[in-house]
file structure_23.csv (CSV, C-alpha atoms)
chain,number,residue,atom,x,y,z
A,1,MET,CA,0.0,0.0,0.0
A,2,ARG,CA,1.3,3.5,-0.8
A,3,ASN,CA,2.2,5.3,2.4
A,4,ARG,CA,4.0,8.5,1.2
A,5,LEU,CA,1.9,11.3,-0.2
A,6,ILE,CA,3.7,14.2,-1.9
A,7,SER,CA,1.6,17.3,-2.3
A,8,THR,CA,2.4,20.4,-4.3
A,9,VAL,CA,1.3,23.6,-2.4
A,10,GLY,CA,-0.3,26.8,-3.6
A,11,THR,CA,-1.7,29.7,-1.7
A,12,SER,CA,-5.5,29.1,-1.8
A,13,LEU,CA,-5.5,28.5,2.0
A,14,LEU,CA,-3.7,31.7,2.6
A,15,ASN,CA,-6.1,33.7,0.3
A,16,ASN,CA,-9.1,32.0,2.0
A,17,LEU,CA,-7.9,33.1,5.4
A,18,LYS,CA,-7.0,36.6,4.2
A,19,PHE,CA,-10.6,37.3,3.0
A,20,SER,CA,-12.4,35.3,5.6
A,21,LYS,CA,-15.2,37.3,7.4
A,22,GLU,CA,-14.9,35.4,10.6
A,23,GLU,CA,-13.5,37.8,13.3
A,24,ALA,CA,-11.4,35.1,15.1
A,25,ILE,CA,-9.7,34.2,11.9
A,26,GLN,CA,-9.1,37.8,10.9
A,27,GLN,CA,-7.5,38.6,14.2
A,28,ALA,CA,-5.2,35.6,14.2
A,29,PHE,CA,-4.3,36.2,10.5
A,30,GLU,CA,-3.4,39.9,11.1
A,31,ALA,CA,-1.3,38.9,14.1
A,32,LYS,CA,0.3,36.1,12.1
A,33,ASN,CA,-0.6,33.7,14.8
A,34,TRP,CA,-0.3,30.6,12.7
A,35,HIS,CA,-0.7,28.2,15.7
A,36,GLN,CA,-4.1,29.8,16.4
A,37,ILE,CA,-5.0,29.7,12.7
A,38,ALA,CA,-4.3,25.9,12.7
A,39,ILE,CA,-6.5,25.4,15.8
A,40,LEU,CA,-9.3,27.4,14.2
A,41,LEU,CA,-9.1,25.4,11.0
A,42,LEU,CA,-9.3,22.2,13.1
A,43,GLN,CA,-12.7,23.4,14.3
A,44,LYS,CA,-14.0,23.2,10.7
A,45,GLU,CA,-14.8,20.2,8.7
A,46,ASN,CA,-11.6,19.2,6.8
A,47,SER,CA,-13.7,19.3,3.6
A,48,ASP,CA,-14.7,23.0,4.2
A,49,ARG,CA,-13.6,25.3,1.4
A,50,LEU,CA,-11.9,27.6,3.9
A,51,CYS,CA,-9.3,24.9,4.6
A,52,GLY,CA,-7.9,25.2,1.1
A,53,ALA,CA,-7.1,23.0,-1.8
A,54,GLU,CA,-4.4,21.0,-0.2
A,55,ILE,CA,-6.3,20.0,3.0
A,56,ASN,CA,-9.5,19.3,1.0
A,57,SER,CA,-7.7,17.1,-1.5
A,58,ILE,CA,-5.8,15.1,1.1
A,59,THR,CA,-9.1,14.6,2.9
A,60,SER,CA,-10.6,13.1,-0.2
A,61,ILE,CA,-7.5,11.0,-1.0
A,62,CYS,CA,-7.6,9.5,2.5
A,63,LYS,CA,-11.3,8.9,2.5
A,64,LYS,CA,-11.2,7.1,-0.9
A,65,GLU,CA,-8.3,5.0,0.5
A,66,PHE,CA,-5.9,5.8,-2.3
A,67,ILE,CA,-3.2,6.0,0.3
A,68,ASP,CA,-2.3,4.0,3.5
A,69,GLY,CA,-4.4,4.8,6.6
A,70,GLN,CA,-1.5,6.7,8.3
A,71,PRO,CA,0.5,8.2,5.4
A,72,LYS,CA,3.7,10.3,5.6
A,73,LEU,CA,2.9,13.8,4.3
A,74,ILE,CA,5.5,15.7,2.3
A,75,PHE,CA,4.6,19.2,1.1
A,76,LEU,CA,6.5,20.9,-1.8
A,77,LEU,CA,6.4,24.7,-1.4
A,78,SER,CA,6.9,27.6,-3.8
A,79,ASP,CA,10.0,29.7,-3.2
A,80,THR,CA,7.9,32.7,-1.9
A,81,GLU,CA,6.9,34.1,1.5
A,82,ASP,CA,3.3,33.2,0.9
A,83,GLY,CA,4.2,29.7,-0.1
A,84,LYS,CA,6.4,29.2,3.0
A,85,THR,CA,3.6,30.6,5.2
A,86,THR,CA,1.0,28.3,3.7
A,87,GLY,CA,3.4,25.4,4.3
A,88,GLU,CA,3.9,26.4,7.9
A,89,ILE,CA,0.1,26.5,8.6
A,90,ILE,CA,-0.5,23.2,6.9
A,91,LYS,CA,2.3,21.6,8.9
A,92,LEU,CA,0.9,22.9,12.2
A,93,TYR,CA,-2.6,21.7,11.1
A,94,TYR,CA,-1.5,18.1,10.5
A,95,GLU,CA,0.9,17.9,13.4
A,96,ASN,CA,-1.8,18.8,15.9
A,97,SER,CA,-3.1,15.8,17.8
A,98,ARG,CA,-6.7,17.0,17.4
A,99,ASN,CA,-6.6,16.4,13.7
A,100,SER,CA,-9.2,13.8,12.8
A,101,LEU,CA,-7.2,12.4,9.9
A,102,LYS,CA,-4.9,9.5,10.8
A,103,VAL,CA,-1.6,10.7,9.3
A,104,ASP,CA,2.0,10.5,10.3
A,105,GLN,CA,2.4,13.6,12.5
A,106,LYS,CA,6.0,14.2,11.4
A,107,VAL,CA,5.1,16.3,8.4
A,108,GLU,CA,7.8,17.5,6.0
A,109,ILE,CA,7.8,20.8,4.2
A,110,ARG,CA,10.4,21.4,1.5
A,111,VAL,CA,10.9,24.7,-0.4
A,112,LEU,CA,11.6,24.3,-4.1
A,113,GLU,CA,14.2,26.9,-4.8
A,114,GLY,CA,13.4,28.9,-7.9
A,115,LEU,CA,9.7,28.0,-8.0
A,116,ARG,CA,8.3,31.5,-8.1
A,117,ASP,CA,6.2,33.5,-10.4
A,118,ASP,CA,8.3,36.7,-10.6
A,119,ASP,CA,11.3,35.1,-12.4
A,120,VAL,CA,10.5,33.0,-15.4
A,121,LYS,CA,14.1,32.0,-15.9
A,122,LYS,CA,14.4,30.7,-12.3
A,123,PHE,CA,11.0,29.0,-12.6
A,124,LYS,CA,12.1,27.1,-15.7
A,125,GLN,CA,15.7,26.4,-15.0
A,126,GLN,CA,15.5,25.8,-11.2
A,127,GLY,CA,12.0,25.5,-9.9
A,128,LEU,CA,10.7,22.7,-12.2
A,129,LYS,CA,14.0,20.9,-12.1
A,130,ASN,CA,13.9,20.9,-8.3
A,131,LEU,CA,10.3,19.6,-8.4
A,132,VAL,CA,11.5,16.6,-10.5
A,133,ARG,CA,14.5,16.1,-8.2
A,134,GLU,CA,12.5,16.1,-5.0
A,135,ILE,CA,10.0,13.5,-6.3
A,136,SER,CA,12.8,11.4,-7.9
A,137,THR,CA,14.7,11.3,-4.6
A,138,GLU,CA,11.7,9.9,-2.9
A,139,VAL,CA,11.3,7.3,-5.7
A,140,ARG,CA,15.0,6.2,-5.3
A,141,LYS,CA,14.7,5.9,-1.6
A,142,PHE,CA,11.2,4.3,-1.3
A,143,SER,CA,10.3,2.9,-4.8
A,144,PRO,CA,7.4,4.1,-7.0
A,145,GLU,CA,5.0,1.6,-5.3
A,146,ALA,CA,5.2,3.5,-2.0
A,147,ILE,CA,4.4,7.0,-3.3
A,148,ALA,CA,1.4,9.0,-4.6
A,149,ILE,CA,1.3,12.6,-5.8
A,150,ASN,CA,-1.3,15.2,-4.9
A,151,ALA,CA,-1.0,17.8,-7.6
A,152,THR,CA,-3.9,20.0,-6.6
A,153,GLY,CA,-2.1,23.0,-5.2
A,154,GLY,CA,0.4,25.3,-6.9
A,155,TYR,CA,1.1,27.0,-10.2
A,156,LYS,CA,-0.7,25.6,-13.3
A,157,ALA,CA,2.6,24.7,-14.9
A,158,GLN,CA,3.7,23.0,-11.7
A,159,ILE,CA,0.5,20.9,-11.5
A,160,SER,CA,0.8,19.9,-15.2
A,161,PHE,CA,4.5,18.9,-14.7
A,162,ALA,CA,3.7,17.0,-11.6
A,163,GLY,CA,1.3,14.9,-13.6
A,164,MET,CA,4.0,14.3,-16.2
A,165,ILE,CA,6.4,13.3,-13.4
A,166,GLY,CA,3.9,10.8,-12.1
A,167,GLN,CA,3.4,9.3,-15.5
A,168,ALA,CA,7.1,9.0,-16.2
A,169,LEU,CA,8.0,7.5,-12.8
A,170,GLU,CA,4.9,5.3,-12.7
A,171,ILE,CA,3.3,7.1,-9.7
A,172,PRO,CA,-0.5,7.8,-9.4
A,173,VAL,CA,-1.3,11.5,-9.5
A,174,TYR,CA,-4.5,12.9,-7.9
A,175,TYR,CA,-6.2,16.3,-8.4
A,176,LEU,CA,-9.2,18.0,-6.9
A,177,PHE,CA,-10.9,20.3,-9.3
A,178,GLU,CA,-12.3,23.4,-7.7
A,179,LYS,CA,-16.0,22.5,-8.1
A,180,PHE,CA,-15.6,18.8,-7.4
A,181,SER,CA,-16.2,17.2,-4.0
A,182,GLU,CA,-13.6,14.4,-4.5
A,183,VAL,CA,-10.3,13.8,-6.2
A,184,ILE,CA,-9.7,12.1,-9.5
A,185,GLU,CA,-6.7,10.4,-10.8
A,186,LEU,CA,-5.1,12.4,-13.6
A,187,PRO,CA,-5.2,10.6,-17.0
A,188,PRO,CA,-1.9,9.4,-18.4
A,189,GLN,CA,0.3,11.8,-20.3
A,190,PRO,CA,2.7,10.6,-23.0
A,191,VAL,CA,6.3,10.7,-22.0
A,192,SER,CA,8.7,9.6,-24.8
A,193,LEU,CA,11.4,7.2,-23.7
A,194,ASP,CA,14.3,5.9,-25.8
A,195,LEU,CA,16.4,3.7,-23.4
A,196,ALA,CA,18.9,3.0,-26.1
A,197,PHE,CA,19.5,6.7,-26.5
A,198,TRP,CA,20.0,7.1,-22.8
A,199,LEU,CA,22.4,4.2,-22.7
A,200,ASN,CA,24.4,5.6,-25.6
A,201,ASN,CA,24.6,9.0,-23.9
A,202,TYR,CA,24.8,7.9,-20.3
A,203,GLN,CA,28.1,9.6,-19.7
A,204,LEU,CA,26.8,13.0,-20.7
A,205,PHE,CA,23.6,12.6,-18.6
A,206,SER,CA,25.7,11.5,-15.6
A,207,GLU,CA,28.1,14.4,-15.9
A,208,LEU,CA,25.3,17.0,-16.3
A,209,GLU,CA,23.5,15.4,-13.3
A,210,SER,CA,26.6,15.7,-11.2
A,211,ALA,CA,28.0,19.0,-12.3
A,212,GLN,CA,24.6,20.5,-13.3
A,213,THR,CA,26.3,22.9,-15.7
A,214,ILE,CA,29.1,22.2,-18.2
A,215,GLU,CA,30.8,24.4,-20.8
A,216,LYS,CA,29.1,23.6,-24.1
A,217,SER,CA,32.5,23.5,-25.9
A,218,LYS,CA,33.5,20.5,-23.8
A,219,VAL,CA,30.5,18.4,-24.7
A,220,GLU,CA,29.5,19.9,-28.1
A,221,ALA,CA,30.1,16.6,-30.0
A,222,SER,CA,27.5,14.9,-27.8
A,223,LEU,CA,24.9,17.6,-28.4
A,224,LYS,CA,24.3,17.2,-32.1
A,225,SER,CA,21.2,15.1,-31.8
A,226,LYS,CA,17.9,16.9,-32.1
A,227,TYR,CA,16.6,14.6,-29.4
A,228,MET,CA,19.3,15.9,-27.0
A,229,GLU,CA,18.6,19.5,-27.9
A,230,SER,CA,15.1,19.1,-26.4
A,231,LEU,CA,16.6,17.9,-23.1
A,232,ILE,CA,19.1,20.7,-22.4
A,233,ASP,CA,19.1,24.4,-21.5
A,234,GLU,CA,21.8,26.8,-22.7
A,235,GLU,CA,22.8,30.0,-21.0
A,236,PRO,CA,25.7,32.4,-21.3
A,237,ILE,CA,28.2,32.4,-18.4
A,238,GLY,CA,30.9,35.0,-19.0
A,239,ASN,CA,32.3,34.4,-22.4
A,240,GLU,CA,31.2,30.8,-22.5
A,241,ILE,CA,27.9,29.1,-23.2
A,242,ALA,CA,27.0,26.6,-20.5
A,243,VAL,CA,24.6,23.7,-20.9
A,244,SER,CA,22.5,21.9,-18.2
A,245,LEU,CA,19.7,19.4,-18.2
A,246,SER,CA,16.3,21.0,-18.7
A,247,ALA,CA,13.4,20.0,-16.4
A,248,MET,CA,12.3,17.5,-19.1
A,249,GLY,CA,16.0,16.3,-19.3
A,250,VAL,CA,16.1,15.7,-15.6
A,251,LEU,CA,12.8,13.8,-15.9
A,252,PHE,CA,14.0,11.8,-18.9
A,253,ASN,CA,17.2,10.9,-17.0
A,254,GLU,CA,15.3,9.7,-13.9
A,255,ARG,CA,12.7,7.7,-15.9
A,256,SER,CA,15.5,6.1,-18.0
A,257,ARG,CA,17.4,5.1,-14.8
A,258,LEU,CA,14.2,3.6,-13.4
A,259,GLN,CA,13.5,1.7,-16.6
A,260,PHE,CA,17.1,0.4,-16.9
A,261,ALA,CA,16.8,-1.0,-13.3
A,262,LYS,CA,13.7,-2.9,-14.3
A,263,GLN,CA,15.2,-4.2,-17.6
A,264,GLU,CA,18.8,-4.7,-16.4
A,265,THR,CA,18.7,-8.5,-16.3
A,266,THR,CA,17.3,-8.7,-19.8
A,267,ILE,CA,19.7,-6.1,-21.2
A,268,LEU,CA,22.7,-7.8,-19.6
A,269,SER,CA,21.6,-11.2,-20.8
A,270,LEU,CA,22.2,-10.0,-24.4
A,271,ILE,CA,25.8,-9.0,-23.7
A,272,PRO,CA,28.6,-11.6,-24.1
A,273,GLN,CA,30.2,-12.9,-20.9
A,274,ASP,CA,33.7,-14.1,-20.2
A,275,ASP,CA,33.8,-17.4,-18.3
A,276,THR,CA,37.6,-17.3,-17.6
A,277,ASP,CA,38.5,-18.3,-14.1
A,278,PRO,CA,38.7,-15.0,-12.1
A,279,ASN,CA,42.1,-16.0,-10.8
A,280,ASN,CA,43.4,-16.3,-14.4
A,281,LYS,CA,42.3,-12.9,-15.5
A,282,ALA,CA,45.2,-10.5,-16.1
A,283,ILE,CA,45.7,-7.6,-13.8
A,284,HIS,CA,48.2,-4.9,-14.8
A,285,LEU,CA,48.8,-2.0,-12.3
A,286,ARG,CA,51.4,0.7,-12.1
A,287,ASP,CA,53.7,0.9,-9.1
A,288,ASP,CA,51.9,3.9,-7.7
A,289,HIS,CA,50.8,4.7,-4.2
A,290,GLY,CA,47.6,2.7,-3.4
A,291,LYS,CA,48.6,-0.3,-5.6
A,292,ASP,CA,47.6,-2.7,-2.8
A,293,VAL,CA,44.1,-1.1,-2.6
A,294,LEU,CA,43.7,-1.3,-6.3
A,295,LYS,CA,44.9,-4.9,-6.5
A,296,LYS,CA,42.4,-6.0,-3.9
A,297,PHE,CA,39.6,-4.2,-5.7
A,298,ALA,CA,40.7,-5.5,-9.1
A,299,GLU,CA,40.7,-9.1,-7.9
A,300,LYS,CA,37.1,-8.6,-6.6
A,301,MET,CA,36.0,-7.0,-9.9
A,302,CYS,CA,37.5,-9.9,-11.9
A,303,HIS,CA,34.7,-12.1,-10.5
A,304,SER,CA,32.3,-10.4,-12.8
A,305,THR,CA,31.7,-12.3,-16.0
A,306,TYR,CA,31.6,-9.0,-17.8
A,307,VAL,CA,35.2,-8.1,-17.0
A,308,ARG,CA,37.9,-9.6,-19.2
A,309,THR,CA,41.1,-7.9,-17.8
A,310,ILE,CA,42.3,-5.0,-15.8
A,311,ILE,CA,44.4,-3.0,-18.3
A,312,ASN,CA,46.1,-0.6,-15.9
A,313,SER,CA,45.6,1.9,-13.1
A,314,LEU,CA,44.4,5.4,-13.8
A,315,PRO,CA,46.0,8.7,-12.9
A,316,PHE,CA,44.6,10.0,-9.6
A,317,ASN,CA,41.1,11.6,-9.7
A,318,PRO,CA,40.6,13.2,-6.2
A,319,LYS,CA,37.2,14.5,-5.2
A,320,ARG,CA,35.6,12.6,-8.1
A,321,PRO,CA,31.8,12.3,-7.3
A,322,ASN,CA,31.0,9.5,-9.7
A,323,PRO,CA,32.9,6.2,-10.0
A,324,ILE,CA,32.4,5.9,-13.8
A,325,LEU,CA,34.9,8.3,-15.2
A,326,ARG,CA,34.7,7.4,-18.9
A,327,THR,CA,33.4,4.6,-21.1
A,328,HIS,CA,34.4,3.7,-24.7
A,329,PRO,CA,32.7,1.8,-27.5
A,330,ASN,CA,35.4,-0.9,-27.4
A,331,GLY,CA,34.3,-2.0,-24.0
A,332,ILE,CA,36.8,-0.1,-21.8
A,333,VAL,CA,35.5,1.4,-18.6
A,334,GLU,CA,37.5,3.8,-16.5
A,335,PHE,CA,36.4,3.3,-12.9
A,336,VAL,CA,37.3,5.5,-9.9
A,337,LEU,CA,37.3,4.4,-6.3
A,338,THR,CA,35.8,7.6,-5.2
A,339,TRP,CA,36.0,6.7,-1.5
A,340,THR,CA,39.8,6.8,-1.6
A,341,ASP,CA,41.4,10.2,-0.8
A,342,LYS,CA,43.5,10.2,-4.0
A,343,GLY,CA,40.8,8.9,-6.3
A,344,LEU,CA,42.5,5.7,-7.2
A,345,GLY,CA,41.1,4.1,-10.4
A,346,LEU,CA,41.2,1.2,-12.8
A,347,CYS,CA,41.0,0.9,-16.6
A,348,ILE,CA,38.9,-2.2,-17.2
A,349,GLN,CA,38.4,-4.2,-20.4
A,350,THR,CA,34.8,-5.4,-20.4
A,351,THR,CA,32.9,-7.6,-22.8
A,352,GLY,CA,31.0,-4.6,-24.2
A,353,ARG,CA,30.8,-4.4,-28.0
A,354,ASN,CA,29.5,-0.9,-28.4
A,355,GLN,CA,28.7,2.2,-26.3
A,356,ALA,CA,25.3,1.1,-25.1
A,357,GLU,CA,26.6,-2.3,-23.9
A,358,THR,CA,29.7,-0.8,-22.3
A,359,ASN,CA,27.5,1.7,-20.4
A,360,SER,CA,25.2,-1.0,-19.3
A,361,ILE,CA,28.1,-3.0,-17.9
A,362,ALA,CA,29.5,0.2,-16.2
A,363,LEU,CA,26.2,0.7,-14.5
A,364,TYR,CA,26.1,-2.9,-13.4
A,365,LEU,CA,29.7,-2.8,-12.1
A,366,GLU,CA,28.9,0.4,-10.2
A,367,LYS,CA,25.9,-1.2,-8.5
A,368,GLU,CA,27.7,-4.5,-7.7
A,369,PHE,CA,31.1,-3.2,-6.6
A,370,TYR,CA,30.8,0.5,-5.6
A,371,GLU,CA,31.4,1.0,-1.9
call {"tool": "encode", "arguments": {"input": "structure_23.csv", "output": "structure tokens"}}
result
Amino acid sequence: MRNRLISTVGTSLLNNLKFSKEEAIQQAFEAKNWHQIAILLLQKENSDRLCGAEINSITSICKKEFIDGQPKLIFLLSDTEDGKTTGEIIKLYYENSRNSLKVDQKVEIRVLEGLRDDDVKKFKQQGLKNLVREISTEVRKFSPEAIAINATGGYKAQISFAGMIGQALEIPVYYLFEKFSEVIELPPQPVSLDLAFWLNNYQLFSELESAQTIEKSKVEASLKSKYMESLIDEEPIGNEIAVSLSAMGVLFNERSRLQFAKQETTILSLIPQDDTDPNNKAIHLRDDHGKDVLKKFAEKMCHSTYVRTIINSLPFNPKRPNPILRTHPNGIVEFVLTWTDKGLGLCIQTTGRNQAETNSIALYLEKEFYE
């Protein structure tokens, strides 16, 4: 049963409170006494329009049993004072022991940096990306089967994109229309996926995910595809043009990673394997500092049937965030032990016959041997 409900948050609650004609609410609102506001809201039916879109929709989601009886609530706020205030009130509302809904009282509120309506550039290049990242992080930690999205609150573009995220990551998305009394599940939206394209370009996606922005001149050869053009943003930084994943690019990367994990066994079964005894696979290392650490790791990695030989050790790569440094169409994977201070690394000959197969093996080796 799904037990984590992620809700986008708008400001309908705040606007309702601001224009309420009830004297007690007006006094508490003007005094910014949010604790009192939460108590006053708890005296209302949780389906009362005054409570706002988020509370109304969560009430319906729980009543229709779309979510576990005591769900964890996570609220994604806009990067504005009104958004933060709304989030604070909702948190106080659900953490109060008098709340009739049985929810996990440890409510989380998270501000999506850049998600604001006074800066279109930040909204596009930061806000929507951070929306994808927050939901994707939950998926990686708890799996799509544990999560549902409530996309009732927030900006229209945010609501639409939340629906697309849900479709891409295989998470149900619920929405409460203003005049409806109960939520509906948003219909599927088409999200194109070319897993082969992702595998062939995995290194670029990985670098952009890690560094977030890269000088275009350094990766220009990888950007010639029209498909890739739709997944990146460009912006001038000094005398250079920098590229980064667009919000759709971040989503495409996350969906592809999810699909690869599901299809990994099938994909790997199509790649040749080397059945040489692990003890007989050649290991060549330079007499550098850390050779003992590399030898021990190389011996362990040789147990993989996708590893033919260890060609050599790599130059040091300190502070390297990702273990996969480079991959090549001829099956070579450059792998960094990122947990070592100097960034020790190995050049590995795998059984990969092309870029996609080599990247598939690299991802497998990272999962199996990365510490």
call {"tool": "residues_around", "arguments": {"input": "structure_23.csv", "residues": "Phe369 of chain A", "least_positions_apart": "2", "cutoff": "10 Å", "atoms": "only C-alpha atoms", "output": "list in words"}}
result
Phe297, Lys300, Met301, Ser304, Leu337, Tyr364, Leu365, Glu366, Lys367 and Glu371 of chain A
call {"tool": "write_last_selection", "arguments": {"input": "structure_23.csv", "atoms": "C-alpha atoms", "output": "short mmCIF file (atom, residue, chain, number, x, y, z; two decimals), in the frame of the given file"}}
result
data_model
loop_
_atom_site.label_atom_id
_atom_site.label_comp_id
_atom_site.auth_asym_id
_atom_site.auth_seq_id
_atom_site.Cartn_x
_atom_site.Cartn_y
_atom_site.Cartn_z
CA PHE A 297 39.60 -4.20 -5.70
CA LYS A 300 37.10 -8.60 -6.60
CA MET A 301 36.00 -7.00 -9.90
CA SER A 304 32.30 -10.40 -12.80
CA LEU A 337 37.30 4.40 -6.30
CA TYR A 364 26.10 -2.90 -13.40
CA LEU A 365 29.70 -2.80 -12.10
CA GLU A 366 28.90 0.40 -10.20
CA LYS A 367 25.90 -1.20 -8.50
CA GLU A 371 31.40 1.00 -1.90
#
call {"tool": "residues_around", "arguments": {"input": "structure_23.csv", "residues": "Cys62 of chain A", "least_positions_apart": "4", "cutoff": "12 Å", "atoms": "only C-alpha atoms", "output": "ChimeraX atom specification"}}
result
/A:2-5,46-47,55-58,66-73,100-103,148,150,174,182-183
call {"tool": "residues_near_point", "arguments": {"input": "structure_23.csv", "point": "(10.2, 27.0, -2.7)", "cutoff": "10 Å", "atoms": "only C-alpha atoms", "output": "list in words"}}
result
Val9, Leu76, Leu77, Ser78, Asp79, Thr80, Glu81, Asp82, Gly83, Lys84, Gly87, Ile109, Arg110, Val111, Leu112, Glu113, Gly114, Leu115, Arg116, Gly127, Asn130 and Leu131 of chain A
call {"tool": "residues_around", "arguments": {"input": "structure_23.csv", "residues": "segment 345-354 of chain A", "least_positions_apart": "3", "cutoff": "9 Å", "atoms": "only C-alpha atoms", "output": "ChimeraX atom specification"}}
result
/A:200,271-274,285,294,298,305-317,323,325,328-338,357-362
call {"tool": "write_last_selection", "arguments": {"input": "structure_23.csv", "atoms": "C-alpha atoms", "output": "short mmCIF file (atom, residue, chain, number, x, y, z; two decimals), in the frame of the given file"}}
result
data_model
loop_
_atom_site.label_atom_id
_atom_site.label_comp_id
_atom_site.auth_asym_id
_atom_site.auth_seq_id
_atom_site.Cartn_x
_atom_site.Cartn_y
_atom_site.Cartn_z
CA ASN A 200 24.40 5.60 -25.60
CA ILE A 271 25.80 -9.00 -23.70
CA PRO A 272 28.60 -11.60 -24.10
CA GLN A 273 30.20 -12.90 -20.90
CA ASP A 274 33.70 -14.10 -20.20
CA LEU A 285 48.80 -2.00 -12.30
CA LEU A 294 43.70 -1.30 -6.30
CA ALA A 298 40.70 -5.50 -9.10
CA THR A 305 31.70 -12.30 -16.00
CA TYR A 306 31.60 -9.00 -17.80
CA VAL A 307 35.20 -8.10 -17.00
CA ARG A 308 37.90 -9.60 -19.20
CA THR A 309 41.10 -7.90 -17.80
CA ILE A 310 42.30 -5.00 -15.80
CA ILE A 311 44.40 -3.00 -18.30
CA ASN A 312 46.10 -0.60 -15.90
CA SER A 313 45.60 1.90 -13.10
CA LEU A 314 44.40 5.40 -13.80
CA PRO A 315 46.00 8.70 -12.90
CA PHE A 316 44.60 10.00 -9.60
CA ASN A 317 41.10 11.60 -9.70
CA PRO A 323 32.90 6.20 -10.00
CA LEU A 325 34.90 8.30 -15.20
CA HIS A 328 34.40 3.70 -24.70
CA PRO A 329 32.70 1.80 -27.50
CA ASN A 330 35.40 -0.90 -27.40
CA GLY A 331 34.30 -2.00 -24.00
CA ILE A 332 36.80 -0.10 -21.80
CA VAL A 333 35.50 1.40 -18.60
CA GLU A 334 37.50 3.80 -16.50
CA PHE A 335 36.40 3.30 -12.90
CA VAL A 336 37.30 5.50 -9.90
CA LEU A 337 37.30 4.40 -6.30
CA THR A 338 35.80 7.60 -5.20
CA GLU A 357 26.60 -2.30 -23.90
CA THR A 358 29.70 -0.80 -22.30
CA ASN A 359 27.50 1.70 -20.40
CA SER A 360 25.20 -1.00 -19.30
CA ILE A 361 28.10 -3.00 -17.90
CA ALA A 362 29.50 0.20 -16.20
#
call {"tool": "residues_near_point", "arguments": {"input": "structure_23.csv", "point": "(-5.1, 20.4, -8.3)", "cutoff": "12 Å", "atoms": "all atoms listed in the file", "output": "PyMOL selection string"}}
result
chain A and resi 7-12+52-58+149-163+173-180+182-186
call {"tool": "write_last_selection", "arguments": {"input": "structure_23.csv", "atoms": "C-alpha atoms", "output": "JSON list (two decimals), in the frame of the given file"}}
result
[["chain", "number", "residue", "atom", "x", "y", "z"],
["A", 7, "SER", "CA", 1.60, 17.30, -2.30],
["A", 8, "THR", "CA", 2.40, 20.40, -4.30],
["A", 9, "VAL", "CA", 1.30, 23.60, -2.40],
["A", 10, "GLY", "CA", -0.30, 26.80, -3.60],
["A", 11, "THR", "CA", -1.70, 29.70, -1.70],
["A", 12, "SER", "CA", -5.50, 29.10, -1.80],
["A", 52, "GLY", "CA", -7.90, 25.20, 1.10],
["A", 53, "ALA", "CA", -7.10, 23.00, -1.80],
["A", 54, "GLU", "CA", -4.40, 21.00, -0.20],
["A", 55, "ILE", "CA", -6.30, 20.00, 3.00],
["A", 56, "ASN", "CA", -9.50, 19.30, 1.00],
["A", 57, "SER", "CA", -7.70, 17.10, -1.50],
["A", 58, "ILE", "CA", -5.80, 15.10, 1.10],
["A", 149, "ILE", "CA", 1.30, 12.60, -5.80],
["A", 150, "ASN", "CA", -1.30, 15.20, -4.90],
["A", 151, "ALA", "CA", -1.00, 17.80, -7.60],
["A", 152, "THR", "CA", -3.90, 20.00, -6.60],
["A", 153, "GLY", "CA", -2.10, 23.00, -5.20],
["A", 154, "GLY", "CA", 0.40, 25.30, -6.90],
["A", 155, "TYR", "CA", 1.10, 27.00, -10.20],
["A", 156, "LYS", "CA", -0.70, 25.60, -13.30],
["A", 157, "ALA", "CA", 2.60, 24.70, -14.90],
["A", 158, "GLN", "CA", 3.70, 23.00, -11.70],
["A", 159, "ILE", "CA", 0.50, 20.90, -11.50],
["A", 160, "SER", "CA", 0.80, 19.90, -15.20],
["A", 161, "PHE", "CA", 4.50, 18.90, -14.70],
["A", 162, "ALA", "CA", 3.70, 17.00, -11.60],
["A", 163, "GLY", "CA", 1.30, 14.90, -13.60],
["A", 173, "VAL", "CA", -1.30, 11.50, -9.50],
["A", 174, "TYR", "CA", -4.50, 12.90, -7.90],
["A", 175, "TYR", "CA", -6.20, 16.30, -8.40],
["A", 176, "LEU", "CA", -9.20, 18.00, -6.90],
["A", 177, "PHE", "CA", -10.90, 20.30, -9.30],
["A", 178, "GLU", "CA", -12.30, 23.40, -7.70],
["A", 179, "LYS", "CA", -16.00, 22.50, -8.10],
["A", 180, "PHE", "CA", -15.60, 18.80, -7.40],
["A", 182, "GLU", "CA", -13.60, 14.40, -4.50],
["A", 183, "VAL", "CA", -10.30, 13.80, -6.20],
["A", 184, "ILE", "CA", -9.70, 12.10, -9.50],
["A", 185, "GLU", "CA", -6.70, 10.40, -10.80],
["A", 186, "LEU", "CA", -5.10, 12.40, -13.60]]
call {"tool": "residues_around", "arguments": {"input": "structure_23.csv", "residues": "Val132 of chain A", "least_positions_apart": "3", "cutoff": "9 Å", "atoms": "only C-alpha atoms", "output": "PyMOL selection string"}}
result
chain A and resi 127-129+135-137+161-162+165+247-248+250-251+254
call {"tool": "atom_distance", "arguments": {"input": "structure_23.csv", "atom1": "atom CA of Leu40 of chain A", "atom2": "atom CA of Gln105 of chain A"}}
result
18.2 Å
call {"tool": "closest_residue", "arguments": {"input": "structure_23.csv", "among": "A:Asp288, A:Glu45, A:Asp118, A:Asp233", "to": "Thr213 of chain A", "atoms": "all atoms listed in the file"}}
result
A:Asp233
call {"tool": "closest_residue", "arguments": {"input": "structure_23.csv", "among": "A:Asp277, A:Glu134, A:Glu22, A:Glu234", "to": "Glu299 of chain A", "atoms": "all atoms listed in the file"}}
result
A:Asp277
call {"tool": "atom_distance", "arguments": {"input": "structure_23.csv", "atom1": "atom CA of Glu229 of chain A", "atom2": "atom CA of Leu268 of chain A"}}
result
28.8 Å
call {"tool": "atom_distance", "arguments": {"input": "structure_23.csv", "atom1": "atom CA of Arg98 of chain A", "atom2": "atom CA of Ile39 of chain A"}}
result
8.6 Å
